[in-house]
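Participant: I have a structure I would like to understand better, so I am pasting it below and will then ask my questions one at a time.
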Amino acid sequence: KIISWEQLQDPPSHCFYCRYSDNMGECVYTAIIAKIPECKSAEGGILTAPFLECCRLTVPVIDQMGKAFYPAKADVSGNIERLAKRLADDPENSQELLPMLKKEMDAGVQKERDSCCRGLLWLKRFLEFVVGLVDGLLKKPEASLSEVATDAYGEHLRPYHGFMASSAFSLVLKVLSSRDPFVQACGGTSEDMQAFVDKFTPLLKDVHQLLVDNGLNDTTPV
C-alpha cells in the first residue's frame, strides 16, 4: 500500500497505532515489560505473536517523537504487519520466527524487499534504535532528545543507510520535540525506562543472533 505525502503529514486517526498513542496517559514501557517474558518458548525459540505484540507496543514511543517521524513509524508498522500477515496466512510454519524465516530461505526469496526476512532485519534495527534512545536518555540526563537520538541513530541505523537515507534521517533528527515532553508523554519513571532497556535488549540480541546464524544479517547500505 502506497502512503501519500498528505497521510505522512496527517496520519489517519483510525489506525491501530494512532489510537494507541492517543491513550498514552499510562506508562508505555509497562505493557512492553510485561509482554517480553511471553516471547520465548520453553525450548528457547522466539514466539512470533508475542514478539510482534511487543513491537506494536513500542511503536507509540516513536509516535511521541513528532510528525517528522511518521514515515519511520509507518515503515516499522508495515514490517510488523508483514510478519503478522505471514503468521495469519501460514500459522503452521510461523508460530516461531525461525521456521518462518527458514521457509523463505528454502524458497530462495529471503533477500526480496518484501520478504519477512528483510522485514524482521529492519524491524530489529529500528527497535535497537528505540532502546538505544531510551538508554541514552538515562545515561545523559542533560542531553537533548535530538542529541540522544542522533547517537542512537549513529550506532544502530546509520551504518546501514546510504547517502540519501542518512541525509533524510539526519534532517529529521534535528527537528525532534523537546526532551521533557517526550519523556512525560511516554510516562513512567527512570526505573521503568531502565527495566525496558534491560529486558528488551536481550530479546533483540536473540533476534540479531537468529539473523546472523542464518546468514540474514545483510549489512549492505540502502
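In the C-alpha cells, each chain is lettered A, B, ... as it comes, each chain's residues begin at 1, and ligands are numbered from 1 in order of appearance.
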Report as a ChimeraX atom specification all protein, DNA and RNA residues lying within 10 Å of Pro181 of chain A, evaluated on only C-alpha atoms, omitting residues in the same chain fewer than 3 positions from it.

Facilitator: /A:64-65,145,177-178,184-187

Participant: Pick out the residues sitting within 7 Å of segment 129-136 of chain A, and hand them over as an NGL selection string; count only C-alpha atoms, and ignore anything fewer than 2 positions along from it in its own chain.

Facilitator: :A and (125-127 or 138-140 or 148-149 or 152-153 or 156-157 or 193 or 197)

Participant: If we count only C-alpha atoms and set the cut-off at 10 Å, which residues sit around Ala72 of chain A, ignoring sequence neighbours fewer than 6 positions away in its own chain? Please answer as JSON, numbers by chain.

Facilitator: {"A": [8, 59, 62, 63, 78, 126, 169]}

Participant: Quick one: pick out all strand (DSSP E or B) residues within chain A from a backbone DSSP run and write them as number ranges by chain.

Facilitator: A: 40, 46-47, 96

Participant: Taking the chain letters and numbering used in this document, name the residues of chain A that DSSP puts in helix (DSSP H, G or I), as a PDB file with C-alpha atoms, in the first residue's frame.

Facilitator:
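To be explicit, this is the file written out as out29.pdb:
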ATOM      1  CA  TRP A   5       2.506  12.683   1.450  1.00  0.00           C
ATOM      2  CA  GLU A   6      -0.721  14.026   2.930  1.00  0.00           C
ATOM      3  CA  GLN A   7      -1.066  10.869   5.044  1.00  0.00           C
ATOM      4  CA  LEU A   8       2.513  11.241   6.245  1.00  0.00           C
ATOM      5  CA  GLN A   9       1.782  14.757   7.429  1.00  0.00           C
ATOM      6  CA  PHE A  16      -4.224   0.979  15.486  1.00  0.00           C
ATOM      7  CA  TYR A  17      -1.007   2.819  16.258  1.00  0.00           C
ATOM      8  CA  CYS A  18      -2.641   6.254  16.235  1.00  0.00           C
ATOM      9  CA  ARG A  19      -5.480   5.098  18.508  1.00  0.00           C
ATOM     10  CA  TYR A  20      -2.949   3.599  20.905  1.00  0.00           C
ATOM     11  CA  SER A  21      -0.829   6.731  21.023  1.00  0.00           C
ATOM     12  CA  VAL A  28       4.137   2.924  27.655  1.00  0.00           C
ATOM     13  CA  TYR A  29       7.001   0.800  28.974  1.00  0.00           C
ATOM     14  CA  THR A  30       4.878  -1.158  31.475  1.00  0.00           C
ATOM     15  CA  ALA A  31       2.957  -3.168  28.880  1.00  0.00           C
ATOM     16  CA  ILE A  32       6.127  -3.976  26.941  1.00  0.00           C
ATOM     17  CA  ILE A  33       7.962  -5.149  30.051  1.00  0.00           C
ATOM     18  CA  ALA A  34       5.018  -7.385  30.956  1.00  0.00           C
ATOM     19  CA  LYS A  35       4.843  -8.927  27.478  1.00  0.00           C
ATOM     20  CA  ILE A  36       8.533  -9.727  26.977  1.00  0.00           C
ATOM     21  CA  PRO A  37       8.604 -12.914  29.132  1.00  0.00           C
ATOM     22  CA  GLU A  38       5.926 -14.385  26.846  1.00  0.00           C
ATOM     23  CA  CYS A  39       8.159 -14.097  23.774  1.00  0.00           C
ATOM     24  CA  THR A  48       6.068 -14.763  16.654  1.00  0.00           C
ATOM     25  CA  ALA A  49       2.778 -13.439  18.061  1.00  0.00           C
ATOM     26  CA  PRO A  50       4.066 -12.206  21.455  1.00  0.00           C
ATOM     27  CA  PHE A  51       7.163 -10.741  19.825  1.00  0.00           C
ATOM     28  CA  LEU A  52       5.070  -8.790  17.341  1.00  0.00           C
ATOM     29  CA  GLU A  53       2.853  -7.559  20.156  1.00  0.00           C
ATOM     30  CA  CYS A  54       5.948  -6.210  21.929  1.00  0.00           C
ATOM     31  CA  CYS A  55       6.890  -4.466  18.707  1.00  0.00           C
ATOM     32  CA  ARG A  56       3.423  -2.925  18.380  1.00  0.00           C
ATOM     33  CA  LEU A  57       3.569  -1.675  21.943  1.00  0.00           C
ATOM     34  CA  THR A  58       6.879   0.030  21.168  1.00  0.00           C
ATOM     35  CA  VAL A  59       5.564   1.995  18.181  1.00  0.00           C
ATOM     36  CA  PRO A  60       3.883   4.723  20.311  1.00  0.00           C
ATOM     37  CA  VAL A  61       7.322   5.659  21.643  1.00  0.00           C
ATOM     38  CA  ILE A  62       8.225   6.567  18.046  1.00  0.00           C
ATOM     39  CA  ASP A  63       4.960   8.457  17.733  1.00  0.00           C
ATOM     40  CA  LYS A  67       5.148  14.104  12.920  1.00  0.00           C
ATOM     41  CA  ALA A  68       8.551  14.186  11.260  1.00  0.00           C
ATOM     42  CA  PHE A  69       8.997  10.578  12.393  1.00  0.00           C
ATOM     43  CA  TYR A  70       5.751   9.360  10.854  1.00  0.00           C
ATOM     44  CA  PRO A  71       7.436   7.890   7.744  1.00  0.00           C
ATOM     45  CA  ALA A  72       9.738   5.861  10.018  1.00  0.00           C
ATOM     46  CA  LYS A  73       6.767   4.839  12.143  1.00  0.00           C
ATOM     47  CA  ALA A  74       4.881   3.763   9.018  1.00  0.00           C
ATOM     48  CA  ASP A  75       7.868   1.669   7.905  1.00  0.00           C
ATOM     49  CA  VAL A  76       8.154  -0.047  11.293  1.00  0.00           C
ATOM     50  CA  SER A  77       4.417  -0.676  11.437  1.00  0.00           C
ATOM     51  CA  GLY A  78       4.498  -2.076   7.909  1.00  0.00           C
ATOM     52  CA  ASN A  79       7.226  -4.551   8.826  1.00  0.00           C
ATOM     53  CA  ILE A  80       5.284  -5.663  11.895  1.00  0.00           C
ATOM     54  CA  GLU A  81       2.147  -6.262   9.872  1.00  0.00           C
ATOM     55  CA  ARG A  82       4.092  -8.058   7.138  1.00  0.00           C
ATOM     56  CA  LEU A  83       5.172 -10.669   9.671  1.00  0.00           C
ATOM     57  CA  ALA A  84       1.704 -10.723  11.237  1.00  0.00           C
ATOM     58  CA  LYS A  85       0.144 -11.451   7.840  1.00  0.00           C
ATOM     59  CA  ARG A  86       2.524 -14.349   7.298  1.00  0.00           C
ATOM     60  CA  LEU A  87       1.567 -15.729  10.705  1.00  0.00           C
ATOM     61  CA  ALA A  88      -2.118 -15.452   9.796  1.00  0.00           C
ATOM     62  CA  ASP A  89      -1.654 -16.955   6.317  1.00  0.00           C
ATOM     63  CA  PRO A  91       0.284 -20.452  11.092  1.00  0.00           C
ATOM     64  CA  GLU A  92       1.700 -23.964  10.837  1.00  0.00           C
ATOM     65  CA  ASN A  93       5.134 -22.670   9.811  1.00  0.00           C
ATOM     66  CA  LEU A  97      10.354 -16.749  13.892  1.00  0.00           C
ATOM     67  CA  LEU A  98      12.909 -19.352  12.834  1.00  0.00           C
ATOM     68  CA  PRO A  99      10.549 -21.628  10.854  1.00  0.00           C
ATOM     69  CA  MET A 100       9.042 -18.553   9.189  1.00  0.00           C
ATOM     70  CA  LEU A 101      12.491 -17.438   8.051  1.00  0.00           C
ATOM     71  CA  LYS A 102      13.541 -20.962   7.047  1.00  0.00           C
ATOM     72  CA  LYS A 103      10.556 -21.310   4.731  1.00  0.00           C
ATOM     73  CA  GLU A 104      11.593 -18.195   2.821  1.00  0.00           C
ATOM     74  CA  MET A 105      15.189 -19.385   2.726  1.00  0.00           C
ATOM     75  CA  ASP A 106      14.111 -22.747   1.308  1.00  0.00           C
ATOM     76  CA  ALA A 107      12.158 -20.889  -1.380  1.00  0.00           C
ATOM     77  CA  CYS A 116       9.714 -11.420   6.150  1.00  0.00           C
ATOM     78  CA  CYS A 117      13.465 -11.940   6.489  1.00  0.00           C
ATOM     79  CA  ARG A 118      14.118  -8.375   5.331  1.00  0.00           C
ATOM     80  CA  GLY A 119      11.186  -7.064   7.333  1.00  0.00           C
ATOM     81  CA  LEU A 120      12.463  -8.644  10.540  1.00  0.00           C
ATOM     82  CA  LEU A 121      16.001  -7.358   9.922  1.00  0.00           C
ATOM     83  CA  TRP A 122      14.892  -3.725   9.622  1.00  0.00           C
ATOM     84  CA  LEU A 123      12.343  -4.071  12.386  1.00  0.00           C
ATOM     85  CA  LYS A 124      15.060  -5.326  14.713  1.00  0.00           C
ATOM     86  CA  ARG A 125      17.361  -2.474  13.771  1.00  0.00           C
ATOM     87  CA  PHE A 126      14.776   0.193  14.443  1.00  0.00           C
ATOM     88  CA  LEU A 127      13.824  -1.363  17.770  1.00  0.00           C
ATOM     89  CA  GLU A 128      17.512  -1.297  18.683  1.00  0.00           C
ATOM     90  CA  PHE A 129      17.419   2.404  17.853  1.00  0.00           C
ATOM     91  CA  VAL A 130      14.434   2.916  20.181  1.00  0.00           C
ATOM     92  CA  VAL A 131      16.102   1.010  23.013  1.00  0.00           C
ATOM     93  CA  GLY A 132      19.327   2.952  22.413  1.00  0.00           C
ATOM     94  CA  LEU A 133      17.366   6.195  22.560  1.00  0.00           C
ATOM     95  CA  VAL A 134      15.792   5.342  25.924  1.00  0.00           C
ATOM     96  CA  ASP A 135      19.146   4.134  27.237  1.00  0.00           C
ATOM     97  CA  GLY A 136      20.735   7.400  26.130  1.00  0.00           C
ATOM     98  CA  LEU A 137      18.103   9.441  27.950  1.00  0.00           C
ATOM     99  CA  LEU A 138      19.020   7.579  31.131  1.00  0.00           C
ATOM    100  CA  LYS A 139      22.774   7.887  30.695  1.00  0.00           C
ATOM    101  CA  LEU A 145      16.302  14.424  22.683  1.00  0.00           C
ATOM    102  CA  SER A 146      17.906  15.294  19.358  1.00  0.00           C
ATOM    103  CA  GLU A 147      21.406  14.627  20.710  1.00  0.00           C
ATOM    104  CA  VAL A 148      20.443  11.298  22.240  1.00  0.00           C
ATOM    105  CA  ALA A 149      18.524  10.222  19.130  1.00  0.00           C
ATOM    106  CA  THR A 150      21.469  11.171  16.904  1.00  0.00           C
ATOM    107  CA  ASP A 151      23.780   8.993  18.980  1.00  0.00           C
ATOM    108  CA  ALA A 152      21.348   6.064  18.824  1.00  0.00           C
ATOM    109  CA  TYR A 153      20.932   6.522  15.080  1.00  0.00           C
ATOM    110  CA  GLY A 154      24.690   6.554  14.558  1.00  0.00           C
ATOM    111  CA  GLU A 155      25.070   3.251  16.387  1.00  0.00           C
ATOM    112  CA  HIS A 156      22.053   1.275  15.208  1.00  0.00           C
ATOM    113  CA  ARG A 158      23.412   4.861  10.177  1.00  0.00           C
ATOM    114  CA  PRO A 159      25.794   2.003   9.205  1.00  0.00           C
ATOM    115  CA  TYR A 160      23.030   0.506   7.027  1.00  0.00           C
ATOM    116  CA  PHE A 163      23.636   8.716   1.453  1.00  0.00           C
ATOM    117  CA  MET A 164      20.021   9.595   0.659  1.00  0.00           C
ATOM    118  CA  ALA A 165      18.528   7.750   3.629  1.00  0.00           C
ATOM    119  CA  SER A 166      21.107   9.023   6.112  1.00  0.00           C
ATOM    120  CA  SER A 167      20.730  12.611   4.890  1.00  0.00           C
ATOM    121  CA  ALA A 168      16.952  12.488   5.259  1.00  0.00           C
ATOM    122  CA  PHE A 169      17.125  10.846   8.680  1.00  0.00           C
ATOM    123  CA  SER A 170      19.734  13.301   9.933  1.00  0.00           C
ATOM    124  CA  LEU A 171      17.469  16.172   8.934  1.00  0.00           C
ATOM    125  CA  VAL A 172      14.550  14.653  10.845  1.00  0.00           C
ATOM    126  CA  LEU A 173      16.698  14.246  13.954  1.00  0.00           C
ATOM    127  CA  ARG A 179      13.253  16.057  25.810  1.00  0.00           C
ATOM    128  CA  ASP A 180      10.898  16.668  28.752  1.00  0.00           C
ATOM    129  CA  PRO A 181       7.600  16.495  26.799  1.00  0.00           C
ATOM    130  CA  PHE A 182       8.777  13.265  25.168  1.00  0.00           C
ATOM    131  CA  VAL A 183       9.699  11.647  28.490  1.00  0.00           C
ATOM    132  CA  GLN A 184       6.438  12.796  30.078  1.00  0.00           C
ATOM    133  CA  ALA A 185       4.343  11.545  27.163  1.00  0.00           C
ATOM    134  CA  CYS A 186       5.891   8.074  27.403  1.00  0.00           C
ATOM    135  CA  SER A 190      13.569   6.154  35.273  1.00  0.00           C
ATOM    136  CA  GLU A 191      13.195   2.689  36.817  1.00  0.00           C
ATOM    137  CA  ASP A 192      10.556   1.816  34.208  1.00  0.00           C
ATOM    138  CA  MET A 193      12.822   3.078  31.438  1.00  0.00           C
ATOM    139  CA  GLN A 194      15.743   1.053  32.783  1.00  0.00           C
ATOM    140  CA  ALA A 195      13.617  -2.073  33.047  1.00  0.00           C
ATOM    141  CA  PHE A 196      12.559  -1.585  29.409  1.00  0.00           C
ATOM    142  CA  VAL A 197      16.186  -1.345  28.314  1.00  0.00           C
ATOM    143  CA  ASP A 198      17.323  -4.269  30.482  1.00  0.00           C
ATOM    144  CA  LYS A 199      14.559  -6.633  29.340  1.00  0.00           C
ATOM    145  CA  PHE A 200      14.194  -5.698  25.680  1.00  0.00           C
ATOM    146  CA  THR A 201      17.929  -5.677  24.911  1.00  0.00           C
ATOM    147  CA  PRO A 202      18.452  -9.451  25.433  1.00  0.00           C
ATOM    148  CA  LEU A 203      15.406 -10.260  23.293  1.00  0.00           C
ATOM    149  CA  LEU A 204      16.700  -8.117  20.439  1.00  0.00           C
ATOM    150  CA  LYS A 205      20.113  -9.720  20.794  1.00  0.00           C
ATOM    151  CA  ASP A 206      18.444 -13.117  20.359  1.00  0.00           C
ATOM    152  CA  VAL A 207      16.707 -11.875  17.205  1.00  0.00           C
ATOM    153  CA  HIS A 208      20.022 -10.495  15.938  1.00  0.00           C
ATOM    154  CA  GLN A 209      21.775 -13.799  16.573  1.00  0.00           C
ATOM    155  CA  LEU A 210      18.980 -15.642  14.788  1.00  0.00           C
ATOM    156  CA  LEU A 211      19.543 -13.465  11.729  1.00  0.00           C
ATOM    157  CA  VAL A 212      23.336 -13.831  11.908  1.00  0.00           C
ATOM    158  CA  ASP A 213      23.233 -17.615  12.321  1.00  0.00           C
TER     159      ASP A 213
END

Participant: Could you jot down the atom CA of Asp218 of chain A to atom CA of Lys111 of chain A separation for me, Å, one decimal place?

Facilitator: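 Atom CA of Lys111 of chain A lies 8.8 Å from atom CA of Asp218 of chain A.
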
Participant: For atom CA of Lys40 of chain A and atom CA of Thr220 of chain A, quote the distance in Å rounded to one decimal.

Facilitator: 29.4 Å
